[in-house]
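Accompanying notes for the structure given below.
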Amino acid sequence: MDFFEAVTTRRSRYALSAKSTISDDKLKEIIATAVLNAPSAYNAQPARVVVLLGQSHKKIWDIAMAALRKIVPADKFARTENKINSFAAAYGTVLFYNDEDTIKDLQTKYPDYKDNFALWAAQGMGLVQYGLWLALTAQGLGANLQHYNPLIDEEAAKAFNIPPGWKLLGQMPFGVPAAPPFKKTSKPAEELVKMLK
């Protein structure tokens, strides 16, 4: 699949199977390439990812289920349970973190820009997530992006030995798509893109 085919076919895929189109070694290589080559302010690279497969993948969604059970009313929990089970049914999950210590170091080194580094790190994380999503799409894998943080942060940190300076920003379950994506509607390109001479 070429780059623009990946761009145009990438969608949020919620029906995912516990299968992969590639080996775990190839998966690790693709994820590392996407993360290592994503641009970041001052090339500081604050983004960190943790790839969960097998029992570790199931564990993150067990953590989410337990946390949500505490706050969602029992009579409304069936929908939440189905949603979390759909993520657990995938092949794996990527956890996205920013290393807050890296951001603080930049703020100390470059105080004139200290108020911008958190924003720039967030922008950098978006680039990591999008690049990785495109890379998975190009391999015939589907994914979606979830945000159960900060609800699951503490338990996830304990379960996966996450350094204290890492801040969880998202979770991306992935696997072979088990159903077509929802139809996507887009605004006209003229509303979104202006070209001036």
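To be explicit about the labels: the chains of the structure tokens are called A, B, and onward in the order shown, and within each one the residues are counted from 1, while ligands get numbers from 1 in the order they are shown.
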
- Selection near A:Asn37, 10 Å with only C-alpha atoms, sequence-local residues under 6 positions removed, as a list of chain:residue names: A:Asn43, A:Gln45, A:Leu127, A:Val128, A:Gly131

Those same residues, written as an mmCIF file, in the first residue's frame with N, CA and C atoms?
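Ended up saving to selection_23.cif:
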data_model
loop_
_atom_site.group_PDB
_atom_site.id
_atom_site.type_symbol
_atom_site.label_atom_id
_atom_site.label_comp_id
_atom_site.auth_asym_id
_atom_site.auth_seq_id
_atom_site.Cartn_x
_atom_site.Cartn_y
_atom_site.Cartn_z
ATOM 1 N N ASN A 43 14.050 18.310 18.552
ATOM 2 C CA ASN A 43 14.369 16.881 18.428
ATOM 3 C C ASN A 43 14.497 16.228 19.812
ATOM 4 N N GLN A 45 12.253 14.414 21.392
ATOM 5 C CA GLN A 45 11.638 13.086 21.383
ATOM 6 C C GLN A 45 11.055 12.688 22.746
ATOM 7 N N LEU A 127 1.680 13.591 15.966
ATOM 8 C CA LEU A 127 2.438 13.106 14.813
ATOM 9 C C LEU A 127 2.839 11.646 14.994
ATOM 10 N N VAL A 128 3.242 11.278 16.199
ATOM 11 C CA VAL A 128 3.591 9.879 16.487
ATOM 12 C C VAL A 128 2.367 8.989 16.273
ATOM 13 N N GLY A 131 1.374 8.873 12.491
ATOM 14 C CA GLY A 131 2.361 8.109 11.723
ATOM 15 C C GLY A 131 2.255 6.620 11.994
#

Hey, could you make a per-residue contact list for stretch 148-185 of chain A against stretch 100-114 of chain A with 12 Å as the cut-off, showing the nearest pair of atoms and its distance in Å to one decimal, counting only C-alpha atoms, sorted by chain and number, as JSON lines?
{"residue": "A:Pro163", "atom": "CA", "partner": "A:Glu100", "partner_atom": "CA", "distance": 10.3}
{"residue": "A:Pro164", "atom": "CA", "partner": "A:Glu100", "partner_atom": "CA", "distance": 9.0}
{"residue": "A:Gly165", "atom": "CA", "partner": "A:Glu100", "partner_atom": "CA", "distance": 5.3}
{"residue": "A:Trp166", "atom": "CA", "partner": "A:Glu100", "partner_atom": "CA", "distance": 5.8}
{"residue": "A:Lys167", "atom": "CA", "partner": "A:Glu100", "partner_atom": "CA", "distance": 6.6}
{"residue": "A:Leu168", "atom": "CA", "partner": "A:Glu100", "partner_atom": "CA", "distance": 10.1}
{"residue": "A:Leu169", "atom": "CA", "partner": "A:Glu100", "partner_atom": "CA", "distance": 11.4}

Selection to disk with C-alpha atoms, as a short mmCIF file (atom, residue, chain, number, x, y, z; two decimals), in the first residue's frame:
data_model
loop_
_atom_site.label_atom_id
_atom_site.label_comp_id
_atom_site.auth_asym_id
_atom_site.auth_seq_id
_atom_site.Cartn_x
_atom_site.Cartn_y
_atom_site.Cartn_z
CA PRO A 163 8.50 5.17 34.94
CA PRO A 164 6.97 7.86 37.20
CA GLY A 165 7.79 10.69 34.78
CA TRP A 166 5.72 9.24 31.94
CA LYS A 167 2.22 10.65 31.36
CA LEU A 168 -0.33 8.43 29.61
CA LEU A 169 -2.01 10.16 26.67
#

Report as a tab-separated table the residues of stretch 98-169 of chain A within 12 Å of stretch 67-81 of chain A, each with its shortest atom pair and distance in Å (one decimal), using only C-alpha atoms, ordered by chain and increasing residue number.
residue	atom	partner	partner_atom	distance
A:Tyr148	CA	A:Leu68	CA	9.1
A:Asn149	CA	A:Ala67	CA	10.6
A:Pro150	CA	A:Ala67	CA	10.4
A:Leu151	CA	A:Ala67	CA	6.7
A:Ile152	CA	A:Ala67	CA	6.7
A:Asp153	CA	A:Ala67	CA	10.2
A:Glu154	CA	A:Ala67	CA	10.5
A:Glu155	CA	A:Ala67	CA	9.1
A:Ala156	CA	A:Ala67	CA	10.9

Would you write out those residues with C-alpha atoms, as a PDB file, in the first residue's frame?
ATOM      1  CA  TYR A 148      -9.135   6.244  29.260  1.00  0.00           C
ATOM      2  CA  ASN A 149      -6.421   8.258  30.937  1.00  0.00           C
ATOM      3  CA  PRO A 150      -6.160   9.494  33.661  1.00  0.00           C
ATOM      4  CA  LEU A 151      -8.705   6.935  34.928  1.00  0.00           C
ATOM      5  CA  ILE A 152      -6.349   3.995  34.305  1.00  0.00           C
ATOM      6  CA  ASP A 153      -2.972   5.708  34.741  1.00  0.00           C
ATOM      7  CA  GLU A 154      -2.069   4.485  38.213  1.00  0.00           C
ATOM      8  CA  GLU A 155      -3.037   0.836  37.693  1.00  0.00           C
ATOM      9  CA  ALA A 156      -1.408   0.743  34.240  1.00  0.00           C
TER      10      ALA A 156
END

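These are the residues of stretch 150-184 of chain A assigned alpha helix (DSSP H) by DSSP from backbone coordinates: Asp153, Glu154, Glu155, Ala156, Ala157, Lys158, Ala159 and Phe160 of chain A.
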
Please produce a file of the residues just selected, as a PDB file, in the first residue's frame, where the atoms kept are C-alpha atoms.
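Final output, saved to part.pdb:
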ATOM      1  CA  ASP A 153      -2.972   5.708  34.741  1.00  0.00           C
ATOM      2  CA  GLU A 154      -2.069   4.485  38.213  1.00  0.00           C
ATOM      3  CA  GLU A 155      -3.037   0.836  37.693  1.00  0.00           C
ATOM      4  CA  ALA A 156      -1.408   0.743  34.240  1.00  0.00           C
ATOM      5  CA  ALA A 157       1.804   2.187  35.672  1.00  0.00           C
ATOM      6  CA  LYS A 158       1.872  -0.541  38.340  1.00  0.00           C
ATOM      7  CA  ALA A 159       0.989  -3.349  35.938  1.00  0.00           C
ATOM      8  CA  PHE A 160       3.557  -2.455  33.284  1.00  0.00           C
TER       9      PHE A 160
END

- Message: What's around A:Lys26 at 12 Å? Count only C-alpha atoms, leave out sequence neighbours fewer than 6 positions away in its own chain, and write the answer as a list in words.
- Response: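 Residues near the query, excluding close chain neighbours: Ser20, Ala32, Thr33, Ala135, Leu136 and Gln139 of chain A.
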
- Could you pull out all residues of stretch 16-193 of chain A with a DSSP call of strand (DSSP E or B) and give them as a count of residues only? 32

- Query: Near A:Ala89, counting only C-alpha atoms, which residues have an atom at most 10 Å away, once you skip same-chain residues fewer than 5 positions from it, shown as a ChimeraX atom specification?
  - Reply: /A:14-19,57-58,61,84,173-175

- Item | Residue among A:Gln129, A:Thr9, A:Gln123, A:Asn85 lying closest to A:Val49, counting only C-alpha atoms |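 Ranked by minimum distance to A:Val49, first place goes to A:Gln129.
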
- Can you work out which one of A:Val94, A:Ala122, A:Ala64, A:Lys83 has the shortest atom-to-atom distance to A:Lys28, counting only C-alpha atoms?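 Closest candidate: A:Val94.
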
- Message: Please report the interatomic distance between atom CA of A:Pro177 and atom CA of A:Ser56 in Å with one decimal.
- Response: 20.5 Å

- Task: Calculate how many Å separate atom CA of A:Ile162 from atom CA of A:Ser12, rounding to one decimal.
- Result: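 Computing the Euclidean distance for atom CA of A:Ile162 and atom CA of A:Ser12 yields 26.8 Å.
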
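Residues in contact with stretch 170-172 of chain A at 6 Å, where only C-alpha atoms are counted and same-chain residues fewer than 6 positions away are skipped, are listed as Thr93, Val94, Leu95, Phe96, Asn144, Leu145, Gln146 and His147 of chain A.
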
- Task: Please measure the separation of atom CA of A:Ser186 and atom CA of A:Gly92, giving the value in Å to one decimal.
- Result: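 Atom CA of A:Ser186 sits 29.2 Å away from atom CA of A:Gly92.
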
- Query: Taking into account only C-alpha atoms, which residue in the set A:Val176, A:Leu119, A:Leu134, A:Met195 is nearest to A:Pro46?
  - Reply: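 Of the candidates, the smallest distance to A:Pro46 is held by A:Leu119.
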